[in-house]
file structure_33.txt (compact mmCIF, C-alpha atoms and all ligand atoms)
# COMPACT_ATOMS: atom_id res chain seq x y z
CA MET A 270 38.46 75.51 137.63
CA ILE A 271 41.60 73.94 136.24
CA GLU A 272 43.18 70.83 137.72
CA ILE A 273 46.33 69.22 136.38
CA LYS A 274 47.71 65.89 137.60
CA HIS A 275 51.04 64.32 136.63
CA LEU A 276 51.20 66.15 133.33
CA ALA A 277 54.15 65.15 131.13
CA LYS A 278 55.39 66.31 127.74
CA THR A 279 58.42 65.34 125.69
CA PHE A 280 59.41 66.74 122.28
CA SER A 281 61.45 64.11 120.40
CA ASN A 282 63.56 62.89 123.36
CA HIS A 283 63.62 66.32 124.96
CA GLU A 284 61.63 66.15 128.18
CA ILE A 285 59.93 69.48 128.79
CA PHE A 286 58.22 68.48 132.05
CA ASN A 287 57.23 65.19 133.59
CA ASP A 288 55.07 65.58 136.67
CA ILE A 289 53.19 68.85 136.83
CA ASN A 290 50.44 69.06 139.43
CA LEU A 291 48.40 72.15 140.09
CA LYS A 292 44.93 73.42 140.73
CA VAL A 293 43.45 76.81 139.98
CA ASN A 294 40.03 77.39 141.49
CA THR A 295 37.28 79.43 139.92
CA GLY A 296 37.95 83.10 140.58
CA GLU A 297 41.68 82.59 141.04
CA ILE A 298 44.39 84.15 138.89
CA LEU A 299 47.53 82.06 138.78
CA ALA A 300 50.61 83.84 137.44
CA ILE A 301 53.53 81.80 136.11
CA ILE A 302 56.93 83.42 135.90
CA GLY A 303 60.16 81.81 134.79
CA PRO A 304 62.97 81.93 132.25
CA SER A 305 62.51 81.57 128.53
CA GLY A 306 62.54 77.97 127.34
CA SER A 307 61.40 76.54 130.66
CA GLY A 308 58.17 75.10 129.20
CA LYS A 309 55.56 77.69 130.20
CA SER A 310 53.97 77.97 126.75
CA THR A 311 54.07 74.20 126.30
CA LEU A 312 52.24 73.80 129.61
CA LEU A 313 49.46 76.19 128.54
CA ARG A 314 49.29 74.60 125.08
CA CYS A 315 48.89 71.14 126.63
CA LEU A 316 45.86 72.39 128.56
CA ASN A 317 43.87 73.20 125.42
CA LEU A 318 45.48 70.42 123.36
CA LEU A 319 47.34 72.71 120.99
CA GLU A 320 50.06 70.26 122.07
CA LYS A 321 49.23 66.72 123.02
CA PRO A 322 50.55 65.75 126.44
CA ASP A 323 52.19 62.32 126.81
CA GLU A 324 50.72 61.56 130.21
CA GLY A 325 48.58 63.12 132.88
CA GLU A 326 45.07 64.23 133.63
CA VAL A 327 43.53 67.59 133.02
CA THR A 328 40.15 68.88 134.17
CA ILE A 329 39.02 72.25 132.83
CA GLY A 330 35.56 73.38 133.81
CA ASP A 331 33.25 70.52 132.89
CA SER A 332 35.72 68.76 130.59
CA HIS A 333 38.35 66.21 131.38
CA PHE A 334 40.98 64.11 129.63
CA THR A 335 43.59 61.54 130.52
CA ALA A 336 46.58 61.53 128.16
CA PRO A 337 47.51 60.00 125.84
CA ASN A 338 44.14 58.42 125.02
CA ILE A 339 42.10 61.50 124.26
CA SER A 340 38.96 61.05 122.20
CA LYS A 341 37.89 63.55 119.53
CA LYS A 342 34.86 64.38 121.64
CA GLN A 343 37.01 65.10 124.70
CA ALA A 344 39.33 67.27 122.62
CA VAL A 345 36.41 69.29 121.24
CA GLY A 346 35.01 69.68 124.77
CA ILE A 347 38.30 70.74 126.29
CA ARG A 348 38.99 73.30 123.53
CA GLN A 349 35.63 74.94 124.11
CA GLU A 350 36.23 75.32 127.85
CA SER A 351 39.13 77.74 127.60
CA THR A 352 40.37 80.58 125.45
CA MET A 353 43.95 81.68 124.94
CA VAL A 354 45.66 85.01 124.29
CA PHE A 355 49.02 84.50 122.59
CA GLN A 356 52.25 86.45 122.71
CA GLN A 357 52.11 87.01 118.94
CA PHE A 358 48.36 87.83 118.84
CA ASN A 359 47.60 85.13 116.21
CA LEU A 360 45.08 87.20 114.28
CA PHE A 361 44.05 86.36 110.73
CA ARG A 362 45.84 88.95 108.62
CA GLN A 363 43.29 88.89 105.82
CA LYS A 364 40.37 89.46 108.19
CA THR A 365 39.31 92.75 109.79
CA ALA A 366 39.22 93.29 113.54
CA TRP A 367 35.51 92.45 113.79
CA GLN A 368 35.90 89.42 111.51
CA ASN A 369 38.69 88.12 113.74
CA VAL A 370 36.51 88.51 116.81
CA ALA A 371 33.48 86.93 115.08
CA GLU A 372 35.36 84.01 113.48
CA ASN A 373 34.94 81.53 116.34
CA LEU A 374 31.29 82.51 116.82
CA ILE A 375 30.49 81.85 113.17
CA THR A 376 32.54 78.72 112.53
CA VAL A 377 32.43 76.94 115.91
CA LYS A 378 29.31 78.22 117.63
CA LYS A 379 27.30 78.54 114.40
CA VAL A 380 26.02 82.00 115.36
CA ASN A 381 24.56 83.74 112.30
CA LYS A 382 26.73 86.40 110.74
CA VAL A 383 24.60 89.41 111.70
CA ALA A 384 24.48 88.41 115.38
CA ALA A 385 28.17 87.48 115.37
CA LYS A 386 29.11 90.86 113.94
CA GLN A 387 26.94 92.61 116.51
CA ARG A 388 28.66 90.70 119.32
CA ALA A 389 32.10 91.38 117.83
CA LEU A 390 31.38 95.11 117.72
CA GLU A 391 30.26 95.05 121.37
CA GLU A 392 33.44 93.26 122.43
CA LEU A 393 35.63 95.62 120.41
CA ASP A 394 33.87 98.53 122.12
CA LYS A 395 34.72 97.07 125.52
CA VAL A 396 38.43 97.03 124.70
CA GLY A 397 38.24 100.58 123.35
CA LEU A 398 38.45 99.62 119.68
CA GLY A 399 34.91 100.28 118.49
CA ALA A 400 36.26 102.70 115.87
CA TYR A 401 38.68 100.11 114.49
CA ALA A 402 36.26 97.32 113.64
CA ASN A 403 36.98 97.51 109.91
CA PHE A 404 40.75 97.78 110.25
CA TYR A 405 43.00 94.89 109.25
CA PRO A 406 45.71 93.72 111.69
CA GLY A 407 48.36 95.33 109.45
CA GLN A 408 46.72 98.69 110.10
CA LEU A 409 46.79 98.30 113.89
CA SER A 410 49.55 98.79 116.47
CA GLY A 411 50.75 95.79 118.48
CA GLY A 412 48.75 96.96 121.48
CA GLN A 413 45.61 97.30 119.39
CA LYS A 414 46.15 93.85 117.86
CA GLN A 415 46.43 92.32 121.30
CA ARG A 416 43.26 94.11 122.39
CA VAL A 417 41.48 92.61 119.37
CA ALA A 418 42.76 89.20 120.50
CA ILE A 419 41.39 89.88 124.01
CA ALA A 420 38.02 90.87 122.50
CA ARG A 421 38.08 87.60 120.55
CA SER A 422 38.60 85.67 123.78
CA LEU A 423 35.79 87.55 125.53
CA ALA A 424 33.43 86.77 122.64
CA THR A 425 33.85 83.03 123.22
CA ASP A 426 32.12 83.38 126.63
CA SER A 427 34.70 81.00 128.02
CA LYS A 428 35.27 81.53 131.72
CA ILE A 429 38.76 80.05 131.59
CA LEU A 430 41.38 82.38 130.23
CA LEU A 431 44.94 81.37 129.35
CA LEU A 432 47.24 84.36 128.79
CA ASP A 433 50.66 83.51 127.37
CA GLU A 434 52.96 86.53 127.78
CA PRO A 435 50.33 88.86 126.36
CA THR A 436 52.58 91.93 126.47
CA SER A 437 56.05 90.58 125.80
CA ALA A 438 55.95 91.13 122.02
CA LEU A 439 55.01 94.79 122.51
CA ASP A 440 57.12 97.91 122.50
CA SER A 441 57.25 99.18 126.06
CA GLU A 442 54.99 102.18 125.38
CA LEU A 443 52.21 99.81 124.26
CA VAL A 444 52.32 97.50 127.28
CA GLY A 445 50.23 99.80 129.49
CA GLU A 446 47.13 99.84 127.27
CA VAL A 447 47.03 96.04 127.16
CA LEU A 448 47.51 95.71 130.92
CA THR A 449 44.72 98.27 131.45
CA THR A 450 42.46 96.16 129.23
CA LEU A 451 43.38 92.95 131.07
CA ARG A 452 42.86 94.62 134.43
CA ALA A 453 39.33 95.57 133.36
CA VAL A 454 38.70 92.02 132.11
CA VAL A 455 39.60 90.40 135.42
CA GLU A 456 37.79 93.07 137.45
CA ASN A 457 34.62 92.63 135.40
CA HIS A 458 34.76 88.83 135.50
CA PRO A 459 35.41 87.64 139.05
CA ASP A 460 34.06 84.24 137.97
CA TYR A 461 36.90 83.64 135.52
CA THR A 462 39.71 81.16 136.14
CA VAL A 463 42.93 82.65 134.77
CA ILE A 464 46.45 81.43 134.14
CA LEU A 465 48.72 84.32 133.23
CA VAL A 466 52.29 83.80 132.05
CA SER A 467 53.89 87.20 132.40
CA HIS A 468 56.99 89.05 133.51
CA GLU A 469 55.13 92.26 134.25
CA LEU A 470 55.81 91.80 137.93
CA GLU A 471 53.96 94.88 139.12
CA PHE A 472 50.88 93.75 137.24
CA VAL A 473 51.30 90.21 138.56
CA LYS A 474 51.49 91.56 142.13
CA GLU A 475 48.35 93.56 141.55
CA VAL A 476 46.10 90.90 140.00
CA ALA A 477 47.43 87.43 140.82
CA THR A 478 46.05 85.38 143.69
CA LYS A 479 48.93 82.91 143.41
CA VAL A 480 52.36 82.91 141.75
CA ILE A 481 54.47 80.02 140.52
CA PHE A 482 58.14 80.22 139.65
CA PHE A 483 58.70 77.71 136.86
CA GLU A 484 62.16 76.66 135.68
CA SER A 485 63.38 73.74 133.54
CA GLY A 486 59.93 72.20 133.52
CA GLN A 487 59.52 72.26 137.29
CA ILE A 488 57.46 74.25 139.74
CA ILE A 489 60.31 75.53 141.89
CA GLU A 490 58.23 77.66 144.23
CA SER A 491 54.65 78.74 144.64
CA GLY A 492 52.77 81.03 146.98
CA THR A 493 51.08 84.40 147.20
CA PRO A 494 52.54 87.21 145.06
CA GLU A 495 53.95 88.69 148.25
CA GLU A 496 55.67 85.41 149.19
CA VAL A 497 57.14 84.52 145.81
CA LEU A 498 58.00 87.99 144.48
CA ASN A 499 58.96 89.85 147.66
CA ASN A 500 60.28 87.03 149.80
CA PRO A 501 61.35 84.09 147.61
CA GLN A 502 62.62 81.09 149.57
CA GLN A 503 64.38 79.17 146.81
CA ALA A 504 67.82 80.20 145.56
CA ARG A 505 66.69 79.67 141.94
CA THR A 506 63.75 82.03 142.36
CA GLN A 507 65.98 84.60 144.05
CA ARG A 508 68.50 84.37 141.21
CA PHE A 509 65.84 84.75 138.53
CA LEU A 510 64.21 87.72 140.23
CA SER A 511 67.46 89.56 140.90
CA ARG A 512 68.66 89.05 137.31
CA PHE A 513 65.27 90.10 136.10
CA THR A 514 65.17 93.27 138.18
CA GLN A 515 68.66 94.24 137.05
CA GLN A 516 67.61 93.82 133.41
CA ALA A 517 64.49 95.90 133.98
CA ILE A 518 66.58 98.67 135.57
CA ALA A 519 69.12 98.55 132.71
CA GLN A 520 66.42 99.02 130.05
P1 LIG B 1 58.70 79.04 127.45
O1 LIG B 1 57.32 79.37 127.04
O2 LIG B 1 58.87 78.88 128.92
O3 LIG B 1 59.71 80.01 126.88
P2 LIG B 1 58.38 76.78 125.68
O4 LIG B 1 57.27 75.98 126.26
O5 LIG B 1 58.06 77.64 124.52
O6 LIG B 1 59.07 77.61 126.85
O7 LIG B 1 59.54 75.80 125.23
C1 LIG B 1 60.08 74.82 126.10
C2 LIG B 1 61.04 73.98 125.32
O8 LIG B 1 60.32 73.20 124.37
C3 LIG B 1 62.08 74.77 124.51
O9 LIG B 1 63.30 74.07 124.57
C4 LIG B 1 61.50 74.74 123.11
O10 LIG B 1 62.52 74.82 122.17
C5 LIG B 1 60.82 73.39 123.08
N1 LIG B 1 59.70 73.34 122.15
C6 LIG B 1 58.58 74.13 122.23
N2 LIG B 1 57.71 73.81 121.25
C7 LIG B 1 58.29 72.81 120.53
C8 LIG B 1 57.89 72.04 119.38
N3 LIG B 1 56.70 72.24 118.80
N4 LIG B 1 58.74 71.09 118.94
C9 LIG B 1 59.93 70.86 119.55
N5 LIG B 1 60.36 71.54 120.63
C10 LIG B 1 59.57 72.51 121.12
MG MG B 2 56.55 80.99 126.03
call {"tool": "encode", "arguments": {"input": "structure_33.txt", "output": "structure tokens", "more": "lines below"}}
Ligand code: ADP
Ligand code: MG
result
Amino acid sequence: MIEIKHLAKTFSNHEIFNDINLKVNTGEILAIIGPSGSGKSTLLRCLNLLEKPDEGEVTIGDSHFTAPNISKKQAVGIRQESTMVFQQFNLFRQKTAWQNVAENLITVKKVNKVAAKQRALEELDKVGLGAYANFYPGQLSGGQKQRVAIARSLATDSKILLLDEPTSALDSELVGEVLTTLRAVVENHPDYTVILVSHELEFVKEVATKVIFFESGQIIESGTPEEVLNNPQQARTQRFLSRFTQQAIAQ
């Protein structure tokens, strides 16, 4: 479960958002769509304290904080509740696929190296990369790198998954393999709570339980995928979707 109340973030006089409220229940998949620069990544990063929010309350699983007075203990707790998949994969270049997956287990969870490697190999197998365990990121395609990053998230055993445009850095022919992997992840883990920032609208329609259209730091519209994507009520959502569809057709 994720609950956000009155969340606010400013970067040196530039207000990104100032009163975000939302709740994602266990088992729900919330998709956020919206133009570039609207604050979607900042919102996700505030949830796991990769960015420090200025104000607001966040509850994730069993952890909670009220900004800006966040204790070290709260920060450690909140970081362990969720796991994030980034647009740019964020793998260690000098570590192999299995070492990337095992890193958090060894350094944070203090799992011994043999057990951590075993677990990493199992997770790589699940994303179809068992044969690539000893490859370095530089030897993998973008789609494979993102699947390693997904395996890394699965290895944390976190039930709260934050996906920040997981396919938007990929060449179009590599998008499908990552979406297939993500589809399997959500199908196999109905107990996960997921926030997915993505413009893969067909995928969003298929997996999301709720969709938010986010623009200029505001939740403009929210509802079921059917409501927001097929029958948007707000002019700003309509404009975004029609521009977006035209671009997709032009590509
Ligand atoms: P989105 O993910 O929707 O594209 P972002 O959350 O990345 O949007 O960015 C929202 C705004 O915040 C942008 O104007 C961006 O330039 C700004 N921004 C993001 N991160 C930082 C940062 N670390 N320092 C200053 N400004 C930032
Ligand atoms: Mg972003």
call {"tool": "atom_distance", "arguments": {"input": "structure_33.txt", "atom1": "atom CA of A:Ile339", "atom2": "atom CA of A:Ser351"}}
result
16.8 Å
call {"tool": "residues_around", "arguments": {"input": "structure_33.txt", "residues": "A:Val476", "least_positions_apart": "6", "cutoff": "8 Å", "atoms": "only C-alpha atoms", "output": "PyMOL selection string"}}
result
chain A and resi 298+452+455
call {"tool": "residues_near_ligand", "arguments": {"input": "structure_33.txt", "ligand": "ligand LIG 1 (chain B)", "cutoff": "7 Å", "atoms": "all atoms listed in the file", "output": "count of residues only"}}
result
13
call {"tool": "atom_distance", "arguments": {"input": "structure_33.txt", "atom1": "atom CA of A:Ala438", "atom2": "atom CA of A:Phe358"}}
result
8.9 Å
call {"tool": "closest_residue", "arguments": {"input": "structure_33.txt", "among": "A:Ala420, A:Ala277, A:Leu430, A:Asn369", "to": "A:Asn403", "atoms": "only C-alpha atoms"}}
result
A:Asn369
call {"tool": "closest_residue", "arguments": {"input": "structure_33.txt", "among": "A:Gln408, A:Thr425, A:Gln363, A:Asn338", "to": "A:Lys378", "atoms": "only C-alpha atoms"}}
result
A:Thr425
call {"tool": "closest_residue", "arguments": {"input": "structure_33.txt", "among": "A:Ile429, A:Leu465, A:Val480, A:Ala400", "to": "A:Gln349", "atoms": "only C-alpha atoms"}}
result
A:Ile429
call {"tool": "residues_around", "arguments": {"input": "structure_33.txt", "residues": "A:Trp367", "least_positions_apart": "2", "cutoff": "10 Å", "atoms": "all atoms listed in the file", "output": "number ranges by chain"}}
result
A: 364-365, 369-372, 385-393, 398-399, 401-405, 417, 420-421
call {"tool": "decode", "arguments": {"input": "structure_33.txt", "residues": "stretch 480-505 of chain A", "atoms": "N, CA, C and O atoms", "output": "mmCIF file, in the first residue's frame"}}
result
data_model
loop_
_atom_site.group_PDB
_atom_site.id
_atom_site.type_symbol
_atom_site.label_atom_id
_atom_site.label_comp_id
_atom_site.auth_asym_id
_atom_site.auth_seq_id
_atom_site.Cartn_x
_atom_site.Cartn_y
_atom_site.Cartn_z
ATOM 1 N N VAL A 480 -5.569 4.866 -13.722
ATOM 2 C CA VAL A 480 -4.665 5.717 -14.511
ATOM 3 C C VAL A 480 -4.805 7.158 -14.042
ATOM 4 O O VAL A 480 -5.914 7.632 -13.759
ATOM 5 N N ILE A 481 -3.661 7.821 -13.959
ATOM 6 C CA ILE A 481 -3.640 9.252 -13.645
ATOM 7 C C ILE A 481 -3.015 9.984 -14.807
ATOM 8 O O ILE A 481 -1.966 9.563 -15.321
ATOM 9 N N PHE A 482 -3.639 11.095 -15.217
ATOM 10 C CA PHE A 482 -2.972 11.999 -16.152
ATOM 11 C C PHE A 482 -2.378 13.133 -15.331
ATOM 12 O O PHE A 482 -3.086 13.836 -14.598
ATOM 13 N N PHE A 483 -1.054 13.282 -15.438
ATOM 14 C CA PHE A 483 -0.285 14.204 -14.603
ATOM 15 C C PHE A 483 0.322 15.268 -15.512
ATOM 16 O O PHE A 483 0.976 14.946 -16.498
ATOM 17 N N GLU A 484 0.086 16.527 -15.207
ATOM 18 C CA GLU A 484 0.669 17.606 -16.025
ATOM 19 C C GLU A 484 1.026 18.768 -15.123
ATOM 20 O O GLU A 484 0.236 19.119 -14.235
ATOM 21 N N SER A 485 2.191 19.374 -15.360
ATOM 22 C CA SER A 485 2.650 20.533 -14.581
ATOM 23 C C SER A 485 2.485 20.302 -13.081
ATOM 24 O O SER A 485 2.028 21.187 -12.354
ATOM 25 N N GLY A 486 2.845 19.134 -12.614
ATOM 26 C CA GLY A 486 2.809 18.862 -11.187
ATOM 27 C C GLY A 486 1.422 18.673 -10.599
ATOM 28 O O GLY A 486 1.265 18.718 -9.379
ATOM 29 N N GLN A 487 0.429 18.465 -11.456
ATOM 30 C CA GLN A 487 -0.924 18.279 -10.926
ATOM 31 C C GLN A 487 -1.570 17.013 -11.486
ATOM 32 O O GLN A 487 -1.341 16.661 -12.655
ATOM 33 N N ILE A 488 -2.386 16.393 -10.638
ATOM 34 C CA ILE A 488 -3.200 15.282 -11.114
ATOM 35 C C ILE A 488 -4.411 15.911 -11.807
ATOM 36 O O ILE A 488 -5.288 16.478 -11.162
ATOM 37 N N ILE A 489 -4.405 15.860 -13.125
ATOM 38 C CA ILE A 489 -5.466 16.524 -13.894
ATOM 39 C C ILE A 489 -6.716 15.648 -13.926
ATOM 40 O O ILE A 489 -7.839 16.130 -13.883
ATOM 41 N N GLU A 490 -6.488 14.340 -14.020
ATOM 42 C CA GLU A 490 -7.621 13.425 -14.177
ATOM 43 C C GLU A 490 -7.203 12.042 -13.719
ATOM 44 O O GLU A 490 -6.068 11.638 -13.924
ATOM 45 N N SER A 491 -8.124 11.339 -13.076
ATOM 46 C CA SER A 491 -7.804 9.955 -12.721
ATOM 47 C C SER A 491 -9.043 9.097 -12.857
ATOM 48 O O SER A 491 -10.174 9.585 -12.778
ATOM 49 N N GLY A 492 -8.832 7.825 -13.105
ATOM 50 C CA GLY A 492 -9.959 6.904 -13.258
ATOM 51 C C GLY A 492 -9.472 5.554 -13.728
ATOM 52 O O GLY A 492 -8.276 5.263 -13.660
ATOM 53 N N THR A 493 -10.400 4.741 -14.214
ATOM 54 C CA THR A 493 -9.994 3.449 -14.768
ATOM 55 C C THR A 493 -9.272 3.713 -16.095
ATOM 56 O O THR A 493 -9.431 4.797 -16.693
ATOM 57 N N PRO A 494 -8.502 2.734 -16.588
ATOM 58 C CA PRO A 494 -7.849 2.922 -17.897
ATOM 59 C C PRO A 494 -8.873 3.281 -18.979
ATOM 60 O O PRO A 494 -8.631 4.162 -19.808
ATOM 61 N N GLU A 495 -9.997 2.611 -18.932
ATOM 62 C CA GLU A 495 -11.073 2.860 -19.901
ATOM 63 C C GLU A 495 -11.521 4.329 -19.832
ATOM 64 O O GLU A 495 -11.646 5.010 -20.860
ATOM 65 N N GLU A 496 -11.737 4.820 -18.623
ATOM 66 C CA GLU A 496 -12.197 6.209 -18.452
ATOM 67 C C GLU A 496 -11.167 7.216 -18.939
ATOM 68 O O GLU A 496 -11.472 8.120 -19.719
ATOM 69 N N VAL A 497 -9.932 7.070 -18.469
ATOM 70 C CA VAL A 497 -8.932 8.117 -18.752
ATOM 71 C C VAL A 497 -8.406 8.020 -20.187
ATOM 72 O O VAL A 497 -8.202 9.036 -20.848
ATOM 73 N N LEU A 498 -8.195 6.796 -20.669
ATOM 74 C CA LEU A 498 -7.557 6.655 -21.985
ATOM 75 C C LEU A 498 -8.566 6.649 -23.128
ATOM 76 O O LEU A 498 -8.277 7.150 -24.207
ATOM 77 N N ASN A 499 -9.741 6.097 -22.898
ATOM 78 C CA ASN A 499 -10.723 6.013 -23.989
ATOM 79 C C ASN A 499 -11.760 7.114 -23.950
ATOM 80 O O ASN A 499 -12.386 7.419 -24.960
ATOM 81 N N ASN A 500 -11.944 7.700 -22.755
ATOM 82 C CA ASN A 500 -13.015 8.686 -22.636
ATOM 83 C C ASN A 500 -12.610 9.829 -21.689
ATOM 84 O O ASN A 500 -13.296 10.098 -20.702
ATOM 85 N N PRO A 501 -11.462 10.486 -22.002
ATOM 86 C CA PRO A 501 -10.981 11.515 -21.079
ATOM 87 C C PRO A 501 -11.959 12.681 -20.993
ATOM 88 O O PRO A 501 -12.540 13.085 -21.995
ATOM 89 N N GLN A 502 -12.126 13.206 -19.763
ATOM 90 C CA GLN A 502 -13.092 14.284 -19.545
ATOM 91 C C GLN A 502 -12.450 15.663 -19.621
ATOM 92 O O GLN A 502 -13.111 16.634 -19.934
ATOM 93 N N GLN A 503 -11.161 15.725 -19.280
ATOM 94 C CA GLN A 503 -10.497 17.026 -19.222
ATOM 95 C C GLN A 503 -9.852 17.370 -20.563
ATOM 96 O O GLN A 503 -9.224 16.509 -21.187
ATOM 97 N N ALA A 504 -9.964 18.649 -20.943
ATOM 98 C CA ALA A 504 -9.403 19.090 -22.227
ATOM 99 C C ALA A 504 -7.896 18.812 -22.292
ATOM 100 O O ALA A 504 -7.377 18.408 -23.324
ATOM 101 N N ARG A 505 -7.198 18.988 -21.135
ATOM 102 C CA ARG A 505 -5.744 18.790 -21.146
ATOM 103 C C ARG A 505 -5.387 17.327 -21.397
ATOM 104 O O ARG A 505 -4.412 17.021 -22.082
#
